[in-house]
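Accompanying notes for the structure given below.
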Amino acid sequence: AQSVTQLDSHVSVSEGTPVLLRCNYSSSYSPSLFWYVQHPNKGLQLLLKYTSAATLVKGINGFEAEFKKSETSFHLTKPSAHMSDAAEYFCVVTYSSNTGKLIFGQGTTLQVKP
Amino acid sequence: DTEVTQTPKHLVMGMTNKKSLKCEQHMGHRAMYWYKQKAKKPPELMFVYSYEKLSINESVPSRFSPECPNSSLLNLHLHALQPEDSALYLCASSQQGREGTEAFFGQGTRLTVV
């Protein structure tokens, strides 16, 4: 079955320190991978996406992610956390075979301490 | 315009009421989705419309009835809901059928069933 695993349910960092949110996916077919962010009681906003072009993907707000096929991973990073980055982050995968259905990871809550 | 607009933002309804949630997009997307999201959980897919036809129903109870009047609008009709149906309901749209196309999400309707 196609699946996405976010390895940490909760990550806490200090403001100004690096952020790493980990995501692994199942490798049945060629995936398209996304990271979304959700602030409390809001919808989901796309941070970045991977679609078989460059393996290092840059997104909004200083986030980037690297697609590693050998590790079936798509980890999200940011060099320096800001208080406004505190939110829920979802790693999402779609496969060209499944009519665009999104498969969500369980989410990672990012806490940023002053 | 890259917005998906949902109305209302908040809704409180009794278990005998009938209400509707509305969603609108003007990006020319031909796939539209309804998701249900409980607190601290990822969104769960309810329905997918492709070219204004229902293509996926994830075994949703019949008290939820989707409707797609045209390519820009998506409704979710609610009747005889239960308190456990209280959740954030998210609408999304995408250019279905193209590899790597992301979904755009609305801000959601916070539904409370009393």
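How things are named: the first chain in the structure tokens is A, the next is B, and so on; residues count from 1 in each chain; ligands count from 1 in the order shown.
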Would you mind listing what lies within 8 Å of Met83 of chain A as a tab-separated table (two decimals) with N, CA, C and O atoms, in the first residue's frame, with only C-alpha atoms counted and same-chain residues fewer than 4 positions away left out?
```
chain	number	residue	atom	x	y	z
A	15	GLU	N	14.34	29.47	18.57
A	15	GLU	CA	14.36	30.44	17.49
A	15	GLU	C	15.80	30.68	17.03
A	15	GLU	O	16.72	30.78	17.86
A	112	VAL	N	8.44	26.37	18.31
A	112	VAL	CA	9.62	27.22	18.27
A	112	VAL	C	9.67	28.02	19.56
A	112	VAL	O	8.76	28.79	19.87
A	113	LYS	N	10.74	27.82	20.31
A	113	LYS	CA	10.88	28.48	21.60
A	113	LYS	C	11.71	29.75	21.46
A	113	LYS	O	12.65	29.79	20.68
A	114	PRO	N	11.33	30.79	22.20
A	114	PRO	CA	12.08	32.06	22.09
A	114	PRO	C	13.48	31.94	22.68
A	114	PRO	O	13.76	31.06	23.48
```
(message) At a cut-off of 9 Å, which residues of chain A touch chain B? Count only C-alpha atoms and give the answer as a list in words.
(response)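 Selected residues: Pro31, Ser32, Leu33, Phe34, Asn41, Lys42, Gly43, Leu44, Gln45, Leu46, Lys49, Tyr50, Thr51, Ser52, Glu88, Phe90, Thr94, Tyr95, Ser96, Thr99, Gly100, Lys101, Leu102, Phe104, Gly105, Gln106, Gly107 and Thr109 of chain A.
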(request) Between atom CA of Pro61 of chain B and atom CA of Val114 of chain B, measure the distance and give it in Å to one decimal. (result)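 Distance between the two atoms: 18.2 Å.
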(message) One number please: atom CA of Ile103 of chain A to atom CA of Tyr89 of chain A, in Å, one decimal.
(response) 13.7 Å
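Nearest residue to Gln6 of chain B among B:Ser72, B:Asn57, B:Ser86, B:Ser65 is B:Ser72, counting only C-alpha atoms.
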(message) Need to verify the contact set: segment 21-28 of chain B, 7 Å, only C-alpha atoms, exclusion of same-chain residues closer than 6 positions in sequence. Can you return it as a list in words?
(response)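 My list of contacting residues is Asp1, Thr2, Glu3, Val4, Thr5, Gln6, Thr7, Pro8, Ser72, Leu73, Leu74, Asn75, Leu76, His77 and Cys91 of chain B.
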(request) May I ask which of the residues A:Leu110, A:Val37, A:Ala53, A:Val11 is the closest one to Val92 of chain A, counting only C-alpha atoms? (result)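 Once distances to Val92 of chain A are computed over only C-alpha atoms, the minimum belongs to A:Val37.
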(message) Could you tell me how far atom CA of Met32 of chain B sits from atom CA of Thr112 of chain B, in Å to one decimal place?
(response)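 Atom-to-atom, atom CA of Thr112 of chain B to atom CA of Met32 of chain B, that is 23.3 Å.
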Write out as a Markdown table a residue-level contact list of segment 37-75 of chain B versus segment 81-84 of chain B with cut-off 10 Å: for each qualifying residue the closest pair of atoms and the distance in Å to one decimal, counting only C-alpha atoms, rows sorted by chain and residue number upward.
```
| residue | atom | partner | partner_atom | distance |
| --- | --- | --- | --- | --- |
| B:Lys38 | CA | B:Glu84 | CA | 9.6 |
| B:Pro61 | CA | B:Leu81 | CA | 9.6 |
| B:Ser62 | CA | B:Leu81 | CA | 9.9 |
| B:Arg63 | CA | B:Leu81 | CA | 6.4 |
| B:Phe64 | CA | B:Leu81 | CA | 8.1 |
```
